[in-house]
Amino acid sequence: MQTSQVAASRDRFLDVVRAGAILAVIAQHWTMPVLSYADGHLATGNALATPGWWVVTWLSQVMPLVFFAGGAANLISFRRASSTRQWLGARLRRLMVPVLPLMAVWLVMPDFLRGLGVPPQPLQVASAIAAQLLWFLAVYVLVVLLTPLMVAAHRRWGLKVPLVMGVAGVLVDVARFNDFGYIGYANAVFVWVAVHQLGFHYVEGRLGSLTRRAALTLSAAGFGVTALLVAFGPYPASMIGMPGAPVSNVSPPTVLLAFLAVGQIGLLLAFRPQLNALAARPGVGHALGWLGARFMSVYLWHMPALIVVAGVTVYGLGYETPAPGTVFWLVMAPAWFAVCGLVLLGLLRLFAHFEMQRDTGGITARTPQLVVAGLMISGGLLGLAAHGFAPLSDGIAHGPVPWVVLATAGFLLTGKPIPATVIGTRLLGRAVTVTERAALRR
């Protein structure tokens, strides 16, 4: 298929949503830090904790849009796939390949920084930040594993599916806020799968054909319910986690994010014709194509870019972030963004080609093996997100190595199937191969 035909077959609206979401994530993460360093300690604050700035997070918290666009893209690609096995294997490999260089670099980076004399506390902060965004991939892999089942559910029950998931999310929150805190993590599935399911309804449903008035009504309903739950419920006003806050809407996610998703999706759908026209411009279209081919790499490496800039300026040169909202902060923010952007571009030149390489090998692993592989990948990435990249010199068993091995083993399992002839059992204390078992039966 020619390039023009590929471009014509793509949904430009989804490309704009994905690009806008990743740019919003970068802008938020590069804006938030309030940093200073003294006496071996890196002080970290959050600019969005400034009184009244919580309202920004209602638009800058764009993970709902990422799952929405992901749901639409997954359904489109699933319809085109030759089989569930081929789709699942290709999806898992495409998600995991950009993570491999990140893990390789950050396995050795903490010890390298320690060798340069970086004190333990700033080193711990950097190692944790480099890994914490992997939570999204851990959850998204689970959503991918569920996609074939959710596509079947969508085609049988339609809009009832996200509604049921939303009700389940409400019940989870009720239990969570009544002293069953850990049950809240179930909403990592219920909330994000519900939003992912809305992407199906954009591709195969009424969401894709809403008039502007209907889309704005939907948006008002989503934001309105969100506001009511904040005003009269147990939910904080900020849609991101704040330092020292007793409750976070993100970790674990609350059902509030599902209503926020409805508000954000409706708002974007109201301006869908304008966004499509914007994407049709040659320069914008080229930028969307460039970013789309490097989406995961941009996501994974934008925080290491921030670490590099903060390490040089704050730790190395003694720079202190100005008070958020001041004139000096507004003046310095563009320069901060520019430097972080240049570092990110340099990192992408080194590592984005991993994501851009096309996997030409066919998926021969069977579906049960792919499911196990996906669970291993998700578990390994979640472990890294929770524990960070501790120095290997502190001990391999309790550091990142077990989680890296788990995720990498899952990736390897997405390739060729495990031959049945290597599966053995124990008989009278020794391994018996499949052939030997057949002989014993005779």
# chains A, B, ... in the order shown; residues from 1 in each chain; ligands from 1
$ residues_around --residues "range 193-202 of chain A" --least-positions-apart "2" --cutoff "10 Å" --atoms "only C-alpha atoms" --output "ChimeraX atom specification"
/A:14,63-76,139-140,142-144,146-147,150-151,153-155,158-159,161-169,187-191,204-210,255,257-262,265,269
$ closest_atom_pairs --of "range 23-70 of chain A" --to "range 306-330 of chain A" --cutoff "9 Å" --atoms "only C-alpha atoms" --output "tab-separated table"
residue	atom	partner	partner_atom	distance
A:His29	CA	A:Leu306	CA	8.5
A:Trp30	CA	A:Leu306	CA	6.8
A:Met32	CA	A:Pro324	CA	9.0
A:Pro33	CA	A:Thr321	CA	7.9
A:Val34	CA	A:Thr321	CA	5.4
A:Leu35	CA	A:Thr321	CA	5.3
A:Ser36	CA	A:Glu320	CA	4.7
A:Tyr37	CA	A:Tyr315	CA	5.9
A:Ala38	CA	A:Gly318	CA	8.1
A:Leu42	CA	A:Tyr315	CA	7.8
A:Asn46	CA	A:Pro324	CA	8.9
A:Ala47	CA	A:Pro324	CA	5.6
A:Leu48	CA	A:Pro324	CA	8.3
A:Thr50	CA	A:Pro324	CA	7.3
$ residues_around --residues "Ser393 in chain A" --least-positions-apart "2" --cutoff "10 Å" --atoms "only C-alpha atoms" --output "NGL selection string"
:A and (108 or 110-111 or 114 or 390-391 or 395-396 or 399)
$ write_last_selection --atoms "N, CA and C atoms" --output "PDB file, in the first residue's frame"
ATOM      1  N   VAL A 108      22.222  -0.256  34.730  1.00  0.00           N
ATOM      2  CA  VAL A 108      23.603   0.120  35.063  1.00  0.00           C
ATOM      3  C   VAL A 108      23.728   1.592  35.470  1.00  0.00           C
ATOM      4  N   PRO A 110      22.198   3.596  37.784  1.00  0.00           N
ATOM      5  CA  PRO A 110      22.354   3.955  39.199  1.00  0.00           C
ATOM      6  C   PRO A 110      23.762   3.731  39.731  1.00  0.00           C
ATOM      7  N   ASP A 111      24.382   2.600  39.371  1.00  0.00           N
ATOM      8  CA  ASP A 111      25.750   2.357  39.826  1.00  0.00           C
ATOM      9  C   ASP A 111      26.726   3.329  39.179  1.00  0.00           C
ATOM     10  N   ARG A 114      26.321   6.531  41.048  1.00  0.00           N
ATOM     11  CA  ARG A 114      26.935   6.390  42.371  1.00  0.00           C
ATOM     12  C   ARG A 114      28.449   6.504  42.256  1.00  0.00           C
ATOM     13  N   ALA A 390      16.947   0.318  41.555  1.00  0.00           N
ATOM     14  CA  ALA A 390      17.946   0.445  42.611  1.00  0.00           C
ATOM     15  C   ALA A 390      19.304   0.006  42.080  1.00  0.00           C
ATOM     16  N   PRO A 391      20.409   0.519  42.669  1.00  0.00           N
ATOM     17  CA  PRO A 391      21.744   0.093  42.223  1.00  0.00           C
ATOM     18  C   PRO A 391      21.936  -1.413  42.372  1.00  0.00           C
ATOM     19  N   GLY A 395      22.473  -5.288  45.901  1.00  0.00           N
ATOM     20  CA  GLY A 395      21.972  -6.658  45.951  1.00  0.00           C
ATOM     21  C   GLY A 395      21.058  -6.947  44.781  1.00  0.00           C
ATOM     22  N   ILE A 396      21.356  -8.020  44.078  1.00  0.00           N
ATOM     23  CA  ILE A 396      20.592  -8.332  42.870  1.00  0.00           C
ATOM     24  C   ILE A 396      19.199  -8.849  43.201  1.00  0.00           C
ATOM     25  N   GLY A 399      16.715  -6.030  44.050  1.00  0.00           N
ATOM     26  CA  GLY A 399      16.721  -4.862  43.189  1.00  0.00           C
ATOM     27  C   GLY A 399      15.829  -5.047  41.985  1.00  0.00           C
TER      28      GLY A 399
END
$ select_by_dssp --residues "range 38-273 of chain A" --states "helix (DSSP H, G or I)" --output "PyMOL selection string"
chain A and resi 47-49+53-60+63-80+84-96+99-115+120-132+134-157+160-176+181-203+206-209+212-232+256-270+272-273
$ residues_around --residues "Phe271 in chain A" --least-positions-apart "6" --cutoff "10 Å" --atoms "only C-alpha atoms" --output "NGL selection string"
:A and (13 or 211-212 or 215-216)
$ write_last_selection --atoms "N, CA, C and O atoms" --output "PDB file, in the first residue's frame"
ATOM      1  N   PHE A  13      -8.426  12.038  13.505  1.00  0.00           N
ATOM      2  CA  PHE A  13      -8.872  12.472  14.832  1.00  0.00           C
ATOM      3  C   PHE A  13      -8.142  11.694  15.925  1.00  0.00           C
ATOM      4  O   PHE A  13      -7.673  12.277  16.917  1.00  0.00           O
ATOM      5  N   THR A 211     -23.364  14.862  16.917  1.00  0.00           N
ATOM      6  CA  THR A 211     -23.340  16.256  16.501  1.00  0.00           C
ATOM      7  C   THR A 211     -22.582  17.074  17.538  1.00  0.00           C
ATOM      8  O   THR A 211     -22.330  16.603  18.652  1.00  0.00           O
ATOM      9  N   ARG A 212     -22.247  18.312  17.181  1.00  0.00           N
ATOM     10  CA  ARG A 212     -21.523  19.147  18.141  1.00  0.00           C
ATOM     11  C   ARG A 212     -22.347  19.368  19.399  1.00  0.00           C
ATOM     12  O   ARG A 212     -21.819  19.310  20.512  1.00  0.00           O
ATOM     13  N   ALA A 215     -22.257  16.252  21.478  1.00  0.00           N
ATOM     14  CA  ALA A 215     -20.931  16.054  22.072  1.00  0.00           C
ATOM     15  C   ALA A 215     -20.712  17.017  23.240  1.00  0.00           C
ATOM     16  O   ALA A 215     -20.162  16.625  24.282  1.00  0.00           O
ATOM     17  N   LEU A 216     -21.132  18.269  23.089  1.00  0.00           N
ATOM     18  CA  LEU A 216     -20.987  19.235  24.183  1.00  0.00           C
ATOM     19  C   LEU A 216     -21.883  18.868  25.365  1.00  0.00           C
ATOM     20  O   LEU A 216     -21.501  19.068  26.522  1.00  0.00           O
TER      21      LEU A 216
END
$ closest_residue --among "A:Ile129, A:Ser251, A:Trp135, A:Pro243" --to "Tyr185 in chain A" --atoms "only C-alpha atoms"
A:Ser251
$ closest_residue --among "A:Ala128, A:Leu134, A:Leu413, A:Ala293" --to "Arg366 in chain A" --atoms "only C-alpha atoms"
A:Leu413
$ closest_residue --among "A:Gly292, A:Pro253, A:Ala104, A:Ser82" --to "Tyr182 in chain A" --atoms "only C-alpha atoms"
A:Pro253
$ closest_residue --among "A:Leu392, A:Leu102, A:Leu23, A:Leu88" --to "Pro368 in chain A" --atoms "only C-alpha atoms"
A:Leu88
$ atom_distance --atom1 "CA of Phe411 in chain A" --atom2 "CA of Ala130 in chain A"
20.3 Å
$ atom_distance --atom1 "CA of Ala407 in chain A" --atom2 "CA of Ala373 in chain A"
8.4 Å
